[in-house]
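Engineer: Provided herewith is a single structure, encoded as structure tokens, for subsequent inquiry.
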Amino acid sequence: MTRLERLSLRVRIFLFFALIVVASSAILMAALYFALQRIGSDALPHLVLSGGLACFGIAFVSFWVWQKFDINVAQPIDLIVKDVRSLVHAGAPQHLTGETGKYLGFLNPAIREISAALVEAREETDSQVAAATASASRQKQRLESVLQELDQGVLICNLDNRILLYNRRALQILHVSGEMGLGRSLFSVVSAAPFRHALDRLSHRFETARHRHHPDGLSQMVICATADGRHTLQGRVSLLLNQDETAPSGFTVTFEDVTRQLAENVERDRLLQRARIKTIRLLLHAGPNDGQVENTSQEEECERQSSNWHCPECGATMRIIEICVRGQLPRSRAPPWKDAA
């Protein structure tokens, strides 16, 4: 920006009129000088007096015209500019009247119409934003009320793995004291590797459009641990799409604590393995009848120890029907498990 551009409009107009005065006076002095050369030195006093009066008249008229121009043109334009800027940047009300810039033709009415349209558009935008915010707040409250009623932990995250929403059950399962805090990284409460792998698979499934025919769609089972490694979690990761369903916008995680269930399964397998080993040893070192008696006693012991075993699918108490050695024909057969994975 040049030095002249930093000056205000009124100062620049004044300099314009001052230039007119200087240029007119210079032209007049040049004309009088050439006249003096033709007439002679005897006319010098008359030419000086005439030139001085002419320069004074030019300066007076120029100053008077500049004053009228400043009052009726420059000042109204400056006022209109300030009013428009305050309206655009600060939303201040208009101070323009019909008398402001009445010599500017249609400029003042046009500016007033534009300002009124801007105020109306801004009010309409503010009302729409307020309505959308209220609607989003109501939807969020309904979603939170639904999440609070779920028995599983639920986390809603964005693509940056930042937590946007969660329920109270998630705090209990993750053993987080107090509030988790929105915007917190998901990987600060759970292990990262299983989720990264699941999200990579879901993203590739979406990019290749295989999710339309895949039985799981845009969800993937995941097993992970808490950040401290004390608890094991099992759940599903589901990819969320944008409104046009053209790109992922985030993902949801539903999970539950399976630490106790895994411990019970490990204990059950350990007891069964121990019972099998004891039965095999008895069959190898005892007679047929003794082996049958010992086998029956082992079954009773396993029956007593497995009274606290529960089915991982339905939660019902499980019971050992028979313990068989490899190659031995079972005396009974349990019903097949059709839904085994």
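Identifiers in the structure tokens: chain A, B, ... in order shown; residue index from 1 per chain; ligand index from 1 in order shown.
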Could you give me, as a ChimeraX atom specification, the residues within 12 Å of Ala59 (chain A), counting only C-alpha atoms and dropping anything in the same chain fewer than 3 positions from it?
Structural biologist: /A:17-25,52-56,62-66
Engineer: Could you please take those selected residues and save all heavy atoms as a tab-separated table (two decimals), in the first residue's frame?
Structural biologist:
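This is the output file result-v4.tsv:
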```tsv
chain	number	residue	atom	x	y	z
A	17	PHE	N	-8.11	19.15	-5.16
A	17	PHE	CA	-8.47	20.55	-5.40
A	17	PHE	C	-7.24	21.47	-5.24
A	17	PHE	O	-7.12	22.48	-5.94
A	17	PHE	CB	-9.58	20.99	-4.44
A	17	PHE	CG	-10.95	20.58	-4.90
A	17	PHE	CD1	-11.52	19.40	-4.49
A	17	PHE	CD2	-11.67	21.40	-5.76
A	17	PHE	CE1	-12.79	19.03	-4.91
A	17	PHE	CE2	-12.94	21.04	-6.19
A	17	PHE	CZ	-13.51	19.85	-5.78
A	18	ALA	N	-6.36	21.15	-4.30
A	18	ALA	CA	-5.14	21.94	-4.15
A	18	ALA	C	-4.28	21.86	-5.40
A	18	ALA	O	-3.66	22.85	-5.83
A	18	ALA	CB	-4.35	21.45	-2.93
A	19	LEU	N	-4.25	20.67	-6.01
A	19	LEU	CA	-3.51	20.54	-7.27
A	19	LEU	C	-4.13	21.40	-8.37
A	19	LEU	O	-3.42	21.99	-9.19
A	19	LEU	CB	-3.50	19.06	-7.68
A	19	LEU	CG	-2.80	18.74	-9.00
A	19	LEU	CD1	-1.31	19.12	-8.92
A	19	LEU	CD2	-2.96	17.26	-9.33
A	20	ILE	N	-5.46	21.49	-8.37
A	20	ILE	CA	-6.13	22.35	-9.36
A	20	ILE	C	-5.72	23.81	-9.16
A	20	ILE	O	-5.44	24.55	-10.13
A	20	ILE	CB	-7.66	22.18	-9.25
A	20	ILE	CG1	-8.07	20.77	-9.69
A	20	ILE	CG2	-8.37	23.23	-10.10
A	20	ILE	CD1	-9.55	20.49	-9.54
A	21	VAL	N	-5.67	24.26	-7.90
A	21	VAL	CA	-5.29	25.65	-7.61
A	21	VAL	C	-3.86	25.92	-8.06
A	21	VAL	O	-3.56	26.94	-8.71
A	21	VAL	CB	-5.47	25.95	-6.11
A	21	VAL	CG1	-4.90	27.33	-5.76
A	21	VAL	CG2	-6.94	25.88	-5.73
A	22	VAL	N	-2.95	25.02	-7.72
A	22	VAL	CA	-1.54	25.21	-8.07
A	22	VAL	C	-1.35	25.20	-9.58
A	22	VAL	O	-0.64	26.04	-10.16
A	22	VAL	CB	-0.68	24.14	-7.39
A	22	VAL	CG1	0.77	24.20	-7.89
A	22	VAL	CG2	-0.71	24.30	-5.88
A	23	ALA	N	-2.01	24.25	-10.24
A	23	ALA	CA	-1.86	24.16	-11.70
A	23	ALA	C	-2.46	25.38	-12.39
A	23	ALA	O	-1.86	25.95	-13.35
A	23	ALA	CB	-2.52	22.88	-12.20
A	24	SER	N	-3.62	25.83	-11.92
A	24	SER	CA	-4.25	27.01	-12.53
A	24	SER	C	-3.40	28.25	-12.32
A	24	SER	O	-3.22	29.09	-13.24
A	24	SER	CB	-5.65	27.22	-11.94
A	24	SER	OG	-6.46	26.08	-12.17
A	25	SER	N	-2.86	28.40	-11.12
A	25	SER	CA	-2.01	29.56	-10.84
A	25	SER	C	-0.75	29.53	-11.69
A	25	SER	O	-0.28	30.57	-12.21
A	25	SER	CB	-1.65	29.60	-9.36
A	25	SER	OG	-2.82	29.70	-8.56
A	52	GLY	N	-2.17	38.46	-9.32
A	52	GLY	CA	-2.42	38.15	-7.92
A	52	GLY	C	-3.90	38.02	-7.62
A	52	GLY	O	-4.33	37.11	-6.90
A	53	LEU	N	-4.69	38.98	-8.18
A	53	LEU	CA	-6.13	38.90	-7.95
A	53	LEU	C	-6.72	37.63	-8.59
A	53	LEU	O	-7.60	36.98	-8.01
A	53	LEU	CB	-6.81	40.14	-8.53
A	53	LEU	CG	-6.51	41.47	-7.80
A	53	LEU	CD1	-7.15	42.64	-8.55
A	53	LEU	CD2	-7.02	41.41	-6.37
A	54	ALA	N	-6.21	37.28	-9.77
A	54	ALA	CA	-6.71	36.07	-10.44
A	54	ALA	C	-6.37	34.81	-9.64
A	54	ALA	O	-7.20	33.90	-9.47
A	54	ALA	CB	-6.15	35.98	-11.85
A	55	CYS	N	-5.15	34.74	-9.13
A	55	CYS	CA	-4.75	33.55	-8.32
A	55	CYS	C	-5.57	33.47	-7.04
A	55	CYS	O	-5.99	32.38	-6.63
A	55	CYS	CB	-3.26	33.63	-8.00
A	55	CYS	SG	-2.19	33.39	-9.43
A	56	PHE	N	-5.79	34.63	-6.41
A	56	PHE	CA	-6.61	34.63	-5.20
A	56	PHE	C	-8.04	34.18	-5.51
A	56	PHE	O	-8.64	33.43	-4.75
A	56	PHE	CB	-6.60	36.03	-4.59
A	56	PHE	CG	-7.46	36.14	-3.36
A	56	PHE	CD1	-7.01	35.66	-2.14
A	56	PHE	CD2	-8.72	36.72	-3.44
A	56	PHE	CE1	-7.81	35.76	-1.01
A	56	PHE	CE2	-9.52	36.81	-2.31
A	56	PHE	CZ	-9.07	36.33	-1.09
A	62	SER	N	-11.87	27.55	-5.65
A	62	SER	CA	-11.53	26.13	-5.48
A	62	SER	C	-11.78	25.68	-4.04
A	62	SER	O	-12.30	24.57	-3.80
A	62	SER	CB	-10.07	25.89	-5.86
A	62	SER	OG	-9.84	26.23	-7.21
A	63	PHE	N	-11.42	26.53	-3.08
A	63	PHE	CA	-11.65	26.17	-1.68
A	63	PHE	C	-13.14	26.08	-1.38
A	63	PHE	O	-13.58	25.18	-0.67
A	63	PHE	CB	-11.00	27.21	-0.77
A	63	PHE	CG	-11.23	26.95	0.69
A	63	PHE	CD1	-10.50	25.97	1.37
A	63	PHE	CD2	-12.19	27.68	1.39
A	63	PHE	CE1	-10.73	25.74	2.71
A	63	PHE	CE2	-12.43	27.43	2.72
A	63	PHE	CZ	-11.70	26.46	3.40
A	64	TRP	N	-13.94	26.98	-1.94
A	64	TRP	CA	-15.38	26.96	-1.70
A	64	TRP	C	-16.02	25.70	-2.32
A	64	TRP	O	-16.85	25.04	-1.70
A	64	TRP	CB	-16.00	28.22	-2.29
A	64	TRP	CG	-17.49	28.31	-2.07
A	64	TRP	CD1	-18.13	28.67	-0.94
A	64	TRP	CD2	-18.50	28.00	-3.03
A	64	TRP	NE1	-19.49	28.62	-1.10
A	64	TRP	CE2	-19.75	28.21	-2.40
A	64	TRP	CE3	-18.47	27.59	-4.36
A	64	TRP	CZ2	-20.95	28.01	-3.05
A	64	TRP	CZ3	-19.69	27.40	-5.01
A	64	TRP	CH2	-20.91	27.60	-4.35
A	65	VAL	N	-15.58	25.37	-3.55
A	65	VAL	CA	-16.11	24.16	-4.20
A	65	VAL	C	-15.68	22.91	-3.43
A	65	VAL	O	-16.47	21.97	-3.25
A	65	VAL	CB	-15.64	24.10	-5.66
A	65	VAL	CG1	-16.04	22.77	-6.30
A	65	VAL	CG2	-16.22	25.26	-6.46
A	66	TRP	N	-14.42	22.92	-2.96
A	66	TRP	CA	-13.96	21.75	-2.18
A	66	TRP	C	-14.77	21.58	-0.90
A	66	TRP	O	-15.11	20.46	-0.52
A	66	TRP	CB	-12.49	21.92	-1.81
A	66	TRP	CG	-12.06	20.92	-0.76
A	66	TRP	CD1	-11.75	19.62	-0.93
A	66	TRP	CD2	-11.96	21.18	0.65
A	66	TRP	NE1	-11.45	19.03	0.27
A	66	TRP	CE2	-11.57	19.97	1.27
A	66	TRP	CE3	-12.15	22.32	1.44
A	66	TRP	CZ2	-11.37	19.87	2.64
A	66	TRP	CZ3	-11.95	22.22	2.80
A	66	TRP	CH2	-11.57	21.00	3.39
```
Engineer: Which residues are near Ser203 (chain A)? Cut-off 9 Å, only C-alpha atoms, ignore same chain within fewer than 3 positions. Put them as a PyMOL selection string.
Structural biologist: chain A and resi 198-200+206-208+218+239+248
Engineer: Write down as number ranges by chain the residues of region 176-298 of chain A whose backbone DSSP state falls under alpha helix (DSSP H).
Structural biologist: A: 193-207, 259-285, 288-298
Engineer: Interatomic distance between CA of Phe14 (chain A) and CA of Leu104 (chain A)?
Structural biologist: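 Computed distance, CA of Phe14 (chain A) to CA of Leu104 (chain A), equals 18.4 Å.
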Engineer: In Å, rounded to a single decimal, give me how far CA of Lys140 (chain A) is from CA of Gly181 (chain A).
Structural biologist: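 Those two atoms sit 16.0 Å apart.
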